[in-house]
file model.json (JSON, N, CA and C atoms)
[["chain", "number", "residue", "atom", "x", "y", "z"],
["A", 1, "GLN", "N", -61.23, 3.99, -14.45],
["A", 1, "GLN", "CA", -60.20, 3.94, -15.44],
["A", 1, "GLN", "C", -59.00, 3.25, -14.83],
["A", 2, "ALA", "N", -58.37, 2.40, -15.62],
["A", 2, "ALA", "CA", -57.19, 1.68, -15.16],
["A", 2, "ALA", "C", -56.07, 1.84, -16.17],
["A", 3, "HIS", "N", -54.86, 2.01, -15.68],
["A", 3, "HIS", "CA", -53.69, 2.14, -16.55],
["A", 3, "HIS", "C", -52.80, 0.91, -16.39],
["A", 4, "GLY", "N", -52.57, 0.21, -17.48],
["A", 4, "GLY", "CA", -51.71, -0.96, -17.46],
["A", 4, "GLY", "C", -52.50, -2.24, -17.28],
["A", 5, "PHE", "N", -51.84, -3.35, -17.57],
["A", 5, "PHE", "CA", -52.55, -4.62, -17.61],
["A", 5, "PHE", "C", -53.05, -5.12, -16.25],
["A", 6, "ILE", "N", -52.21, -5.13, -15.23],
["A", 6, "ILE", "CA", -52.62, -5.66, -13.92],
["A", 6, "ILE", "C", -53.78, -4.83, -13.35],
["A", 7, "ALA", "N", -53.65, -3.51, -13.43],
["A", 7, "ALA", "CA", -54.74, -2.65, -12.94],
["A", 7, "ALA", "C", -56.01, -2.88, -13.76],
["A", 8, "ALA", "N", -55.85, -3.07, -15.07],
["A", 8, "ALA", "CA", -57.01, -3.31, -15.93],
["A", 8, "ALA", "C", -57.71, -4.61, -15.58],
["A", 9, "LEU", "N", -56.93, -5.65, -15.34],
["A", 9, "LEU", "CA", -57.51, -6.94, -14.96],
["A", 9, "LEU", "C", -58.34, -6.80, -13.70],
["A", 10, "MET", "N", -57.79, -6.15, -12.69],
["A", 10, "MET", "CA", -58.52, -5.96, -11.44],
["A", 10, "MET", "C", -59.74, -5.06, -11.64],
["A", 11, "ALA", "N", -59.60, -4.01, -12.45],
["A", 11, "ALA", "CA", -60.72, -3.10, -12.70],
["A", 11, "ALA", "C", -61.87, -3.81, -13.40],
["A", 12, "VAL", "N", -61.54, -4.66, -14.36],
["A", 12, "VAL", "CA", -62.60, -5.40, -15.06],
["A", 12, "VAL", "C", -63.33, -6.33, -14.10],
["A", 13, "ILE", "N", -62.59, -7.04, -13.29],
["A", 13, "ILE", "CA", -63.21, -7.96, -12.32],
["A", 13, "ILE", "C", -64.08, -7.19, -11.33],
["A", 14, "LEU", "N", -63.51, -6.13, -10.74],
["A", 14, "LEU", "CA", -64.27, -5.33, -9.77],
["A", 14, "LEU", "C", -65.43, -4.60, -10.44],
["A", 15, "GLY", "N", -65.22, -4.15, -11.67],
["A", 15, "GLY", "CA", -66.29, -3.47, -12.40],
["A", 15, "GLY", "C", -67.48, -4.38, -12.62],
["A", 16, "LYS", "N", -67.22, -5.64, -12.92],
["A", 16, "LYS", "CA", -68.33, -6.60, -13.09],
["A", 16, "LYS", "C", -69.04, -6.84, -11.75],
["A", 17, "MET", "N", -68.26, -6.95, -10.68],
["A", 17, "MET", "CA", -68.85, -7.19, -9.36],
["A", 17, "MET", "C", -69.75, -6.03, -8.91],
["A", 18, "PHE", "N", -69.28, -4.80, -9.17],
["A", 18, "PHE", "CA", -69.99, -3.62, -8.68],
["A", 18, "PHE", "C", -70.76, -2.89, -9.78],
["A", 19, "ARG", "N", -70.87, -3.54, -10.95],
["A", 19, "ARG", "CA", -71.63, -2.99, -12.08],
["A", 19, "ARG", "C", -71.16, -1.59, -12.46],
["A", 20, "LYS", "N", -69.85, -1.46, -12.64],
["A", 20, "LYS", "CA", -69.24, -0.19, -13.04],
["A", 20, "LYS", "C", -68.58, -0.34, -14.39],
["A", 21, "ARG", "N", -68.58, 0.74, -15.16],
["A", 21, "ARG", "CA", -67.89, 0.74, -16.45],
["A", 21, "ARG", "C", -66.38, 0.70, -16.24],
["A", 22, "THR", "N", -65.68, 0.10, -17.18],
["A", 22, "THR", "CA", -64.23, 0.01, -17.08],
["A", 22, "THR", "C", -63.61, 0.57, -18.36],
["A", 23, "ILE", "N", -62.72, 1.53, -18.18],
["A", 23, "ILE", "CA", -61.95, 2.09, -19.28],
["A", 23, "ILE", "C", -60.48, 1.82, -18.98],
["A", 24, "VAL", "N", -59.78, 1.29, -19.97],
["A", 24, "VAL", "CA", -58.37, 0.93, -19.81],
["A", 24, "VAL", "C", -57.54, 1.82, -20.71],
["A", 25, "ASN", "N", -56.40, 2.31, -20.19],
["A", 25, "ASN", "CA", -55.46, 2.97, -21.09],
["A", 25, "ASN", "C", -54.11, 2.29, -20.99],
["A", 26, "THR", "N", -53.45, 2.23, -22.13],
["A", 26, "THR", "CA", -52.15, 1.58, -22.20],
["A", 26, "THR", "C", -51.23, 2.38, -23.09],
["A", 27, "HIS", "N", -49.95, 2.37, -22.76],
["A", 27, "HIS", "CA", -48.94, 3.06, -23.56],
["A", 27, "HIS", "C", -48.17, 2.09, -24.43],
["A", 28, "VAL", "N", -48.50, 0.83, -24.37],
["A", 28, "VAL", "CA", -47.77, -0.18, -25.15],
["A", 28, "VAL", "C", -48.74, -1.08, -25.90],
["A", 29, "GLY", "N", -48.25, -1.64, -26.99],
["A", 29, "GLY", "CA", -48.99, -2.66, -27.71],
["A", 29, "GLY", "C", -48.54, -4.02, -27.21],
["A", 30, "PHE", "N", -49.26, -5.02, -27.50],
["A", 30, "PHE", "CA", -48.93, -6.37, -27.03],
["A", 30, "PHE", "C", -48.71, -7.27, -28.23],
["A", 31, "ASN", "N", -47.51, -7.81, -28.33],
["A", 31, "ASN", "CA", -47.17, -8.75, -29.39],
["A", 31, "ASN", "C", -46.46, -9.93, -28.72],
["A", 32, "LEU", "N", -47.22, -10.73, -28.00],
["A", 32, "LEU", "CA", -46.65, -11.80, -27.18],
["A", 32, "LEU", "C", -46.75, -13.17, -27.83],
["A", 33, "GLY", "N", -47.30, -13.22, -29.04],
["A", 33, "GLY", "CA", -47.50, -14.52, -29.65],
["A", 33, "GLY", "C", -48.67, -15.24, -29.01],
["A", 34, "ASN", "N", -48.68, -16.54, -29.10],
["A", 34, "ASN", "CA", -49.75, -17.33, -28.48],
["A", 34, "ASN", "C", -49.31, -17.74, -27.09],
["A", 35, "GLY", "N", -50.25, -17.76, -26.18],
["A", 35, "GLY", "CA", -49.93, -18.17, -24.82],
["A", 35, "GLY", "C", -50.93, -17.62, -23.83],
["A", 36, "ILE", "N", -50.73, -17.97, -22.60],
["A", 36, "ILE", "CA", -51.70, -17.59, -21.57],
["A", 36, "ILE", "C", -51.73, -16.08, -21.33],
["A", 37, "MET", "N", -50.57, -15.40, -21.42],
["A", 37, "MET", "CA", -50.55, -13.95, -21.21],
["A", 37, "MET", "C", -51.37, -13.25, -22.29],
["A", 38, "THR", "N", -51.22, -13.67, -23.52],
["A", 38, "THR", "CA", -51.99, -13.09, -24.62],
["A", 38, "THR", "C", -53.48, -13.29, -24.39],
["A", 39, "GLU", "N", -53.85, -14.48, -23.97],
["A", 39, "GLU", "CA", -55.28, -14.76, -23.71],
["A", 39, "GLU", "C", -55.81, -13.93, -22.55],
["A", 40, "MET", "N", -54.99, -13.73, -21.51],
["A", 40, "MET", "CA", -55.42, -12.90, -20.38],
["A", 40, "MET", "C", -55.60, -11.44, -20.80],
["A", 41, "ILE", "N", -54.68, -10.95, -21.62],
["A", 41, "ILE", "CA", -54.79, -9.57, -22.10],
["A", 41, "ILE", "C", -56.04, -9.42, -22.95],
["A", 42, "LYS", "N", -56.27, -10.35, -23.88],
["A", 42, "LYS", "CA", -57.47, -10.30, -24.72],
["A", 42, "LYS", "C", -58.73, -10.37, -23.86],
["A", 43, "TRP", "N", -58.77, -11.27, -22.91],
["A", 43, "TRP", "CA", -59.94, -11.43, -22.04],
["A", 43, "TRP", "C", -60.23, -10.11, -21.33],
["A", 44, "THR", "N", -59.20, -9.48, -20.80],
["A", 44, "THR", "CA", -59.36, -8.24, -20.06],
["A", 44, "THR", "C", -59.82, -7.10, -20.95],
["A", 45, "LEU", "N", -59.15, -6.91, -22.07],
["A", 45, "LEU", "CA", -59.49, -5.79, -22.95],
["A", 45, "LEU", "C", -60.86, -5.96, -23.61],
["A", 46, "MET", "N", -61.23, -7.19, -23.92],
["A", 46, "MET", "CA", -62.55, -7.43, -24.51],
["A", 46, "MET", "C", -63.67, -7.10, -23.53],
["A", 47, "ARG", "N", -63.42, -7.19, -22.26],
["A", 47, "ARG", "CA", -64.44, -6.93, -21.25],
["A", 47, "ARG", "C", -64.44, -5.49, -20.75],
["A", 48, "SER", "N", -63.51, -4.69, -21.20],
["A", 48, "SER", "CA", -63.53, -3.27, -20.85],
["A", 48, "SER", "C", -64.43, -2.54, -21.83],
["A", 49, "GLU", "N", -64.98, -1.44, -21.39],
["A", 49, "GLU", "CA", -65.87, -0.67, -22.26],
["A", 49, "GLU", "C", -65.10, 0.03, -23.37],
["A", 50, "MET", "N", -63.91, 0.52, -23.03],
["A", 50, "MET", "CA", -63.10, 1.26, -23.98],
["A", 50, "MET", "C", -61.63, 1.06, -23.64],
["A", 51, "VAL", "N", -60.79, 1.09, -24.67],
["A", 51, "VAL", "CA", -59.35, 1.02, -24.49],
["A", 51, "VAL", "C", -58.75, 2.27, -25.10],
["A", 52, "LEU", "N", -58.03, 3.05, -24.30],
["A", 52, "LEU", "CA", -57.40, 4.27, -24.76],
["A", 52, "LEU", "C", -55.92, 4.00, -25.03],
["A", 53, "VAL", "N", -55.43, 4.43, -26.19],
["A", 53, "VAL", "CA", -54.04, 4.22, -26.57],
["A", 53, "VAL", "C", -53.46, 5.54, -27.09],
["A", 54, "LEU", "N", -52.14, 5.64, -27.13],
["A", 54, "LEU", "CA", -51.48, 6.88, -27.54],
["A", 54, "LEU", "C", -51.20, 6.97, -29.03],
["A", 55, "THR", "N", -51.12, 5.84, -29.74],
["A", 55, "THR", "CA", -50.74, 5.88, -31.15],
["A", 55, "THR", "C", -51.58, 4.93, -31.99],
["A", 56, "GLU", "N", -51.59, 5.19, -33.29],
["A", 56, "GLU", "CA", -52.25, 4.29, -34.23],
["A", 56, "GLU", "C", -51.54, 2.94, -34.26],
["A", 57, "GLY", "N", -50.23, 2.93, -34.03],
["A", 57, "GLY", "CA", -49.47, 1.67, -34.00],
["A", 57, "GLY", "C", -49.92, 0.76, -32.87],
["A", 58, "ILE", "N", -50.17, 1.34, -31.70],
["A", 58, "ILE", "CA", -50.67, 0.54, -30.57],
["A", 58, "ILE", "C", -52.07, 0.04, -30.88],
["A", 59, "LYS", "N", -52.89, 0.90, -31.50],
["A", 59, "LYS", "CA", -54.24, 0.47, -31.88],
["A", 59, "LYS", "C", -54.17, -0.71, -32.84],
["A", 60, "ALA", "N", -53.27, -0.65, -33.82],
["A", 60, "ALA", "CA", -53.11, -1.75, -34.77],
["A", 60, "ALA", "C", -52.67, -3.03, -34.06],
["A", 61, "SER", "N", -51.76, -2.90, -33.09],
["A", 61, "SER", "CA", -51.31, -4.06, -32.32],
["A", 61, "SER", "C", -52.47, -4.73, -31.60],
["A", 62, "LEU", "N", -53.35, -3.92, -31.03],
["A", 62, "LEU", "CA", -54.49, -4.48, -30.29],
["A", 62, "LEU", "C", -55.54, -5.06, -31.22],
["A", 63, "THR", "N", -55.76, -4.43, -32.37],
["A", 63, "THR", "CA", -56.71, -5.01, -33.32],
["A", 63, "THR", "C", -56.18, -6.33, -33.88],
["A", 64, "ASN", "N", -54.86, -6.43, -34.03],
["A", 64, "ASN", "CA", -54.27, -7.71, -34.46],
["A", 64, "ASN", "C", -54.48, -8.80, -33.41],
["A", 65, "LEU", "N", -54.63, -8.39, -32.16],
["A", 65, "LEU", "CA", -54.93, -9.35, -31.08],
["A", 65, "LEU", "C", -56.39, -9.80, -31.12],
["A", 66, "GLY", "N", -57.22, -9.03, -31.83],
["A", 66, "GLY", "CA", -58.64, -9.39, -31.90],
["A", 66, "GLY", "C", -59.56, -8.42, -31.18],
["A", 67, "ILE", "N", -59.01, -7.33, -30.65],
["A", 67, "ILE", "CA", -59.83, -6.32, -29.98],
["A", 67, "ILE", "C", -60.49, -5.48, -31.08],
["A", 68, "PRO", "N", -61.80, -5.30, -31.05],
["A", 68, "PRO", "CA", -62.47, -4.52, -32.10],
["A", 68, "PRO", "C", -61.97, -3.07, -32.15],
["A", 69, "GLY", "N", -61.71, -2.59, -33.35],
["A", 69, "GLY", "CA", -61.19, -1.23, -33.53],
["A", 69, "GLY", "C", -62.09, -0.16, -32.97],
["A", 70, "GLU", "N", -63.41, -0.39, -33.00],
["A", 70, "GLU", "CA", -64.33, 0.64, -32.49],
["A", 70, "GLU", "C", -64.26, 0.76, -30.96],
["A", 71, "LYS", "N", -63.67, -0.20, -30.30],
["A", 71, "LYS", "CA", -63.51, -0.15, -28.85],
["A", 71, "LYS", "C", -62.24, 0.61, -28.46],
["A", 72, "ILE", "N", -61.33, 0.81, -29.43],
["A", 72, "ILE", "CA", -60.03, 1.42, -29.16],
["A", 72, "ILE", "C", -60.04, 2.87, -29.64],
["A", 73, "LYS", "N", -59.67, 3.79, -28.77],
["A", 73, "LYS", "CA", -59.61, 5.21, -29.11],
["A", 73, "LYS", "C", -58.18, 5.72, -28.93],
["A", 74, "VAL", "N", -57.69, 6.42, -29.95],
["A", 74, "VAL", "CA", -56.37, 7.05, -29.85],
["A", 74, "VAL", "C", -56.56, 8.43, -29.21],
["A", 75, "TYR", "N", -55.77, 8.73, -28.20],
["A", 75, "TYR", "CA", -55.85, 10.03, -27.55],
["A", 75, "TYR", "C", -54.45, 10.58, -27.34],
["A", 76, "HIS", "N", -54.38, 11.86, -27.11],
["A", 76, "HIS", "CA", -53.10, 12.54, -26.85],
["A", 76, "HIS", "C", -53.29, 13.39, -25.60],
["A", 77, "TYR", "N", -52.37, 13.30, -24.70],
["A", 77, "TYR", "CA", -52.51, 14.12, -23.51],
["A", 77, "TYR", "C", -51.40, 15.13, -23.34],
["A", 78, "TRP", "N", -50.77, 15.45, -24.44],
["A", 78, "TRP", "CA", -49.80, 16.52, -24.40],
["A", 78, "TRP", "C", -50.47, 17.79, -24.91],
["A", 79, "VAL", "N", -49.76, 18.89, -24.87],
["A", 79, "VAL", "CA", -50.34, 20.19, -25.23],
["A", 79, "VAL", "C", -50.50, 20.31, -26.74],
["A", 80, "ASP", "N", -51.65, 20.75, -27.18],
["A", 80, "ASP", "CA", -51.90, 21.04, -28.58],
["A", 80, "ASP", "C", -51.28, 22.40, -28.88],
["A", 81, "GLN", "N", -50.16, 22.38, -29.60],
["A", 81, "GLN", "CA", -49.44, 23.63, -29.85],
["A", 81, "GLN", "C", -50.15, 24.54, -30.82],
["A", 82, "ASN", "N", -51.19, 24.07, -31.49],
["A", 82, "ASN", "CA", -52.01, 24.94, -32.31],
["A", 82, "ASN", "C", -52.96, 25.78, -31.46],
["A", 83, "LYS", "N", -53.29, 25.28, -30.30],
["A", 83, "LYS", "CA", -54.19, 26.02, -29.40],
["A", 83, "LYS", "C", -53.43, 26.81, -28.34],
["A", 84, "PHE", "N", -52.31, 26.26, -27.90],
["A", 84, "PHE", "CA", -51.52, 26.89, -26.85],
["A", 84, "PHE", "C", -50.11, 27.14, -27.39],
["A", 85, "ASN", "N", -49.72, 28.40, -27.44],
["A", 85, "ASN", "CA", -48.38, 28.70, -27.92],
["A", 85, "ASN", "C", -47.71, 29.72, -27.03],
["A", 86, "ILE", "N", -46.42, 29.84, -27.18],
["A", 86, "ILE", "CA", -45.64, 30.74, -26.34],
["A", 86, "ILE", "C", -45.93, 32.17, -26.76],
["A", 87, "GLN", "N", -46.25, 33.00, -25.80],
["A", 87, "GLN", "CA", -46.53, 34.41, -26.04],
["A", 87, "GLN", "C", -45.34, 35.24, -25.59],
["A", 88, "LYS", "N", -45.08, 36.32, -26.30],
["A", 88, "LYS", "CA", -44.05, 37.27, -25.86],
["A", 88, "LYS", "C", -44.55, 38.01, -24.64],
["A", 89, "LYS", "N", -43.65, 38.30, -23.71],
["A", 89, "LYS", "CA", -44.05, 39.03, -22.51],
["A", 89, "LYS", "C", -44.15, 40.50, -22.77]]
call {"tool": "encode", "arguments": {"input": "model.json", "output": "structure tokens"}}
result
Amino acid sequence: QAHGFIAALMAVILGKMFRKRTIVNTHVGFNLGNGIMTEMIKWTLMRSEMVLVLTEGIKASLTNLGIPGEKIKVYHYWVDQNKFNIQKK
């Protein structure tokens, strides 16, 4: 698993070399317009097995880039307050 673009790029390259799965997570969407950075991000994310994001907005940003929606999963890593709540002592 790699967090962020530079780590993801390296993980995808090394994953291909060593035949390992690559999962990328990102906290930001990418809206860079056309250019080499956009193409590098697309190349990297398309070659990862899964992309984990924190919000539906980030997922929409990545699908607008051309990343298939089924490859992108929204996750939350904060506490589910319906399962964990403050108890009186």
call {"tool": "closest_residue", "arguments": {"input": "model.json", "among": "A:Ile6, A:Ile67, A:Leu54, A:Ile13", "to": "Val28 of chain A", "atoms": "all atoms listed in the file"}}
result
A:Leu54
call {"tool": "closest_residue", "arguments": {"input": "model.json", "among": "A:Pro68, A:Gly57, A:Val79, A:Val74", "to": "Leu45 of chain A", "atoms": "all atoms listed in the file"}}
result
A:Pro68
call {"tool": "atom_distance", "arguments": {"input": "model.json", "atom1": "atom C of Leu9 of chain A", "atom2": "atom N of Met50 of chain A"}}
result
13.1 Å
call {"tool": "closest_residue", "arguments": {"input": "model.json", "among": "A:Ala11, A:Arg19, A:Ile72, A:Trp78", "to": "Val51 of chain A", "atoms": "all atoms listed in the file"}}
result
A:Ile72
call {"tool": "closest_residue", "arguments": {"input": "model.json", "among": "A:Leu14, A:Met46, A:Leu62, A:Leu52", "to": "Tyr75 of chain A", "atoms": "only N, CA and C atoms"}}
result
A:Leu52
call {"tool": "select_by_dssp", "arguments": {"input": "model.json", "residues": "chain A", "states": "alpha helix (DSSP H)", "output": "ChimeraX atom specification"}}
result
/A:5-18,36-46,56-65
call {"tool": "closest_residue", "arguments": {"input": "model.json", "among": "A:Ala7, A:Lys16, A:Arg47, A:Leu65", "to": "Asn34 of chain A", "atoms": "only C-alpha atoms"}}
result
A:Leu65
call {"tool": "select_by_dssp", "arguments": {"input": "model.json", "residues": "chain A", "states": "strand (DSSP E)", "output": "ChimeraX atom specification"}}
result
/A:2-3,23-26,50-53,72-74
call {"tool": "atom_distance", "arguments": {"input": "model.json", "atom1": "atom CA of Thr22 of chain A", "atom2": "atom CA of Gly69 of chain A"}}
result
16.8 Å
call {"tool": "atom_distance", "arguments": {"input": "model.json", "atom1": "atom CA of Glu70 of chain A", "atom2": "atom C of Thr55 of chain A"}}
result
13.5 Å
call {"tool": "closest_residue", "arguments": {"input": "model.json", "among": "A:Thr63, A:Ala8, A:Gln1, A:Glu56", "to": "Asn31 of chain A", "atoms": "only C-alpha atoms"}}
result
A:Thr63
call {"tool": "axis_aligned_box", "arguments": {"input": "model.json", "around": "segment 16-35 of chain A", "padding_each_side": "3 Å", "output": "JSON"}}
result
{"center_x": -59.0, "center_y": -7.6, "center_z": -19.2, "size_x": 31.2, "size_y": 27.2, "size_z": 27.0}
call {"tool": "residues_near_point", "arguments": {"input": "model.json", "point": "(-46.2, -0.7, -29.1)", "cutoff": "8 Å", "atoms": "only C-alpha atoms", "output": "PyMOL selection string"}}
result
chain A and resi 27-30+57-58+61
call {"tool": "decode", "arguments": {"input": "model.json", "residues": "segment 52-63 of chain A", "atoms": "all heavy atoms", "output": "PDB file, in the first residue's frame"}}
result
ATOM      1  N   LEU A  52      -7.801   3.881  -2.807  1.00  0.00           N
ATOM      2  CA  LEU A  52      -8.630   4.191  -1.652  1.00  0.00           C
ATOM      3  C   LEU A  52      -8.694   5.703  -1.470  1.00  0.00           C
ATOM      4  O   LEU A  52      -7.658   6.374  -1.502  1.00  0.00           O
ATOM      5  CB  LEU A  52      -8.044   3.554  -0.394  1.00  0.00           C
ATOM      6  CG  LEU A  52      -7.883   2.039  -0.425  1.00  0.00           C
ATOM      7  CD1 LEU A  52      -7.150   1.562   0.824  1.00  0.00           C
ATOM      8  CD2 LEU A  52      -9.216   1.349  -0.566  1.00  0.00           C
ATOM      9  N   VAL A  53      -9.895   6.237  -1.282  1.00  0.00           N
ATOM     10  CA  VAL A  53     -10.087   7.676  -1.102  1.00  0.00           C
ATOM     11  C   VAL A  53     -10.998   7.905   0.103  1.00  0.00           C
ATOM     12  O   VAL A  53     -11.718   7.012   0.537  1.00  0.00           O
ATOM     13  CB  VAL A  53     -10.681   8.338  -2.364  1.00  0.00           C
ATOM     14  CG1 VAL A  53      -9.760   8.185  -3.543  1.00  0.00           C
ATOM     15  CG2 VAL A  53     -12.055   7.778  -2.689  1.00  0.00           C
ATOM     16  N   LEU A  54     -10.989   9.128   0.633  1.00  0.00           N
ATOM     17  CA  LEU A  54     -11.767   9.441   1.827  1.00  0.00           C
ATOM     18  C   LEU A  54     -13.176   9.943   1.539  1.00  0.00           C
ATOM     19  O   LEU A  54     -14.034   9.869   2.415  1.00  0.00           O
ATOM     20  CB  LEU A  54     -11.031  10.482   2.680  1.00  0.00           C
ATOM     21  CG  LEU A  54      -9.760   9.997   3.361  1.00  0.00           C
ATOM     22  CD1 LEU A  54      -9.076  11.146   4.083  1.00  0.00           C
ATOM     23  CD2 LEU A  54     -10.069   8.882   4.328  1.00  0.00           C
ATOM     24  N   THR A  55     -13.427  10.486   0.348  1.00  0.00           N
ATOM     25  CA  THR A  55     -14.733  11.083   0.076  1.00  0.00           C
ATOM     26  C   THR A  55     -15.233  10.736  -1.325  1.00  0.00           C
ATOM     27  O   THR A  55     -14.443  10.383  -2.208  1.00  0.00           O
ATOM     28  CB  THR A  55     -14.680  12.626   0.182  1.00  0.00           C
ATOM     29  OG1 THR A  55     -13.879  13.136  -0.883  1.00  0.00           O
ATOM     30  CG2 THR A  55     -14.133  13.083   1.522  1.00  0.00           C
ATOM     31  N   GLU A  56     -16.536  10.881  -1.498  1.00  0.00           N
ATOM     32  CA  GLU A  56     -17.137  10.702  -2.822  1.00  0.00           C
ATOM     33  C   GLU A  56     -16.636  11.780  -3.784  1.00  0.00           C
ATOM     34  O   GLU A  56     -16.525  11.532  -4.985  1.00  0.00           O
ATOM     35  CB  GLU A  56     -18.665  10.734  -2.728  1.00  0.00           C
ATOM     36  CG  GLU A  56     -19.275   9.533  -2.051  1.00  0.00           C
ATOM     37  CD  GLU A  56     -19.136   8.247  -2.848  1.00  0.00           C
ATOM     38  OE1 GLU A  56     -19.024   8.299  -4.084  1.00  0.00           O
ATOM     39  OE2 GLU A  56     -19.151   7.171  -2.208  1.00  0.00           O
ATOM     40  N   GLY A  57     -16.338  12.969  -3.263  1.00  0.00           N
ATOM     41  CA  GLY A  57     -15.812  14.051  -4.104  1.00  0.00           C
ATOM     42  C   GLY A  57     -14.468  13.706  -4.711  1.00  0.00           C
ATOM     43  O   GLY A  57     -14.210  13.987  -5.886  1.00  0.00           O
ATOM     44  N   ILE A  58     -13.597  13.088  -3.922  1.00  0.00           N
ATOM     45  CA  ILE A  58     -12.295  12.663  -4.449  1.00  0.00           C
ATOM     46  C   ILE A  58     -12.490  11.557  -5.471  1.00  0.00           C
ATOM     47  O   ILE A  58     -11.847  11.542  -6.520  1.00  0.00           O
ATOM     48  CB  ILE A  58     -11.353  12.223  -3.307  1.00  0.00           C
ATOM     49  CG1 ILE A  58     -11.054  13.401  -2.370  1.00  0.00           C
ATOM     50  CG2 ILE A  58     -10.056  11.646  -3.870  1.00  0.00           C
ATOM     51  CD1 ILE A  58     -10.325  13.006  -1.098  1.00  0.00           C
ATOM     52  N   LYS A  59     -13.422  10.644  -5.189  1.00  0.00           N
ATOM     53  CA  LYS A  59     -13.716   9.576  -6.150  1.00  0.00           C
ATOM     54  C   LYS A  59     -14.184  10.175  -7.476  1.00  0.00           C
ATOM     55  O   LYS A  59     -13.733   9.764  -8.547  1.00  0.00           O
ATOM     56  CB  LYS A  59     -14.776   8.627  -5.597  1.00  0.00           C
ATOM     57  CG  LYS A  59     -15.112   7.489  -6.529  1.00  0.00           C
ATOM     58  CD  LYS A  59     -16.100   6.522  -5.909  1.00  0.00           C
ATOM     59  CE  LYS A  59     -16.398   5.391  -6.900  1.00  0.00           C
ATOM     60  NZ  LYS A  59     -17.292   4.392  -6.289  1.00  0.00           N
ATOM     61  N   ALA A  60     -15.065  11.173  -7.417  1.00  0.00           N
ATOM     62  CA  ALA A  60     -15.553  11.827  -8.634  1.00  0.00           C
ATOM     63  C   ALA A  60     -14.408  12.499  -9.384  1.00  0.00           C
ATOM     64  O   ALA A  60     -14.335  12.441 -10.623  1.00  0.00           O
ATOM     65  CB  ALA A  60     -16.628  12.855  -8.283  1.00  0.00           C
ATOM     66  N   SER A  61     -13.491  13.130  -8.655  1.00  0.00           N
ATOM     67  CA  SER A  61     -12.333  13.772  -9.279  1.00  0.00           C
ATOM     68  C   SER A  61     -11.497  12.757 -10.055  1.00  0.00           C
ATOM     69  O   SER A  61     -11.054  13.025 -11.180  1.00  0.00           O
ATOM     70  CB  SER A  61     -11.478  14.442  -8.196  1.00  0.00           C
ATOM     71  OG  SER A  61     -10.218  14.811  -8.674  1.00  0.00           O
ATOM     72  N   LEU A  62     -11.307  11.582  -9.467  1.00  0.00           N
ATOM     73  CA  LEU A  62     -10.490  10.553 -10.117  1.00  0.00           C
ATOM     74  C   LEU A  62     -11.219   9.911 -11.286  1.00  0.00           C
ATOM     75  O   LEU A  62     -10.596   9.584 -12.303  1.00  0.00           O
ATOM     76  CB  LEU A  62     -10.041   9.508  -9.102  1.00  0.00           C
ATOM     77  CG  LEU A  62      -9.133  10.021  -7.983  1.00  0.00           C
ATOM     78  CD1 LEU A  62      -8.760   8.888  -7.036  1.00  0.00           C
ATOM     79  CD2 LEU A  62      -7.905  10.705  -8.518  1.00  0.00           C
ATOM     80  N   THR A  63     -12.530   9.728 -11.170  1.00  0.00           N
ATOM     81  CA  THR A  63     -13.270   9.177 -12.309  1.00  0.00           C
ATOM     82  C   THR A  63     -13.289  10.174 -13.468  1.00  0.00           C
ATOM     83  O   THR A  63     -13.243   9.767 -14.622  1.00  0.00           O
ATOM     84  CB  THR A  63     -14.708   8.751 -11.931  1.00  0.00           C
ATOM     85  OG1 THR A  63     -15.383   9.841 -11.344  1.00  0.00           O
ATOM     86  CG2 THR A  63     -14.699   7.575 -10.986  1.00  0.00           C
TER      87      THR A  63
END
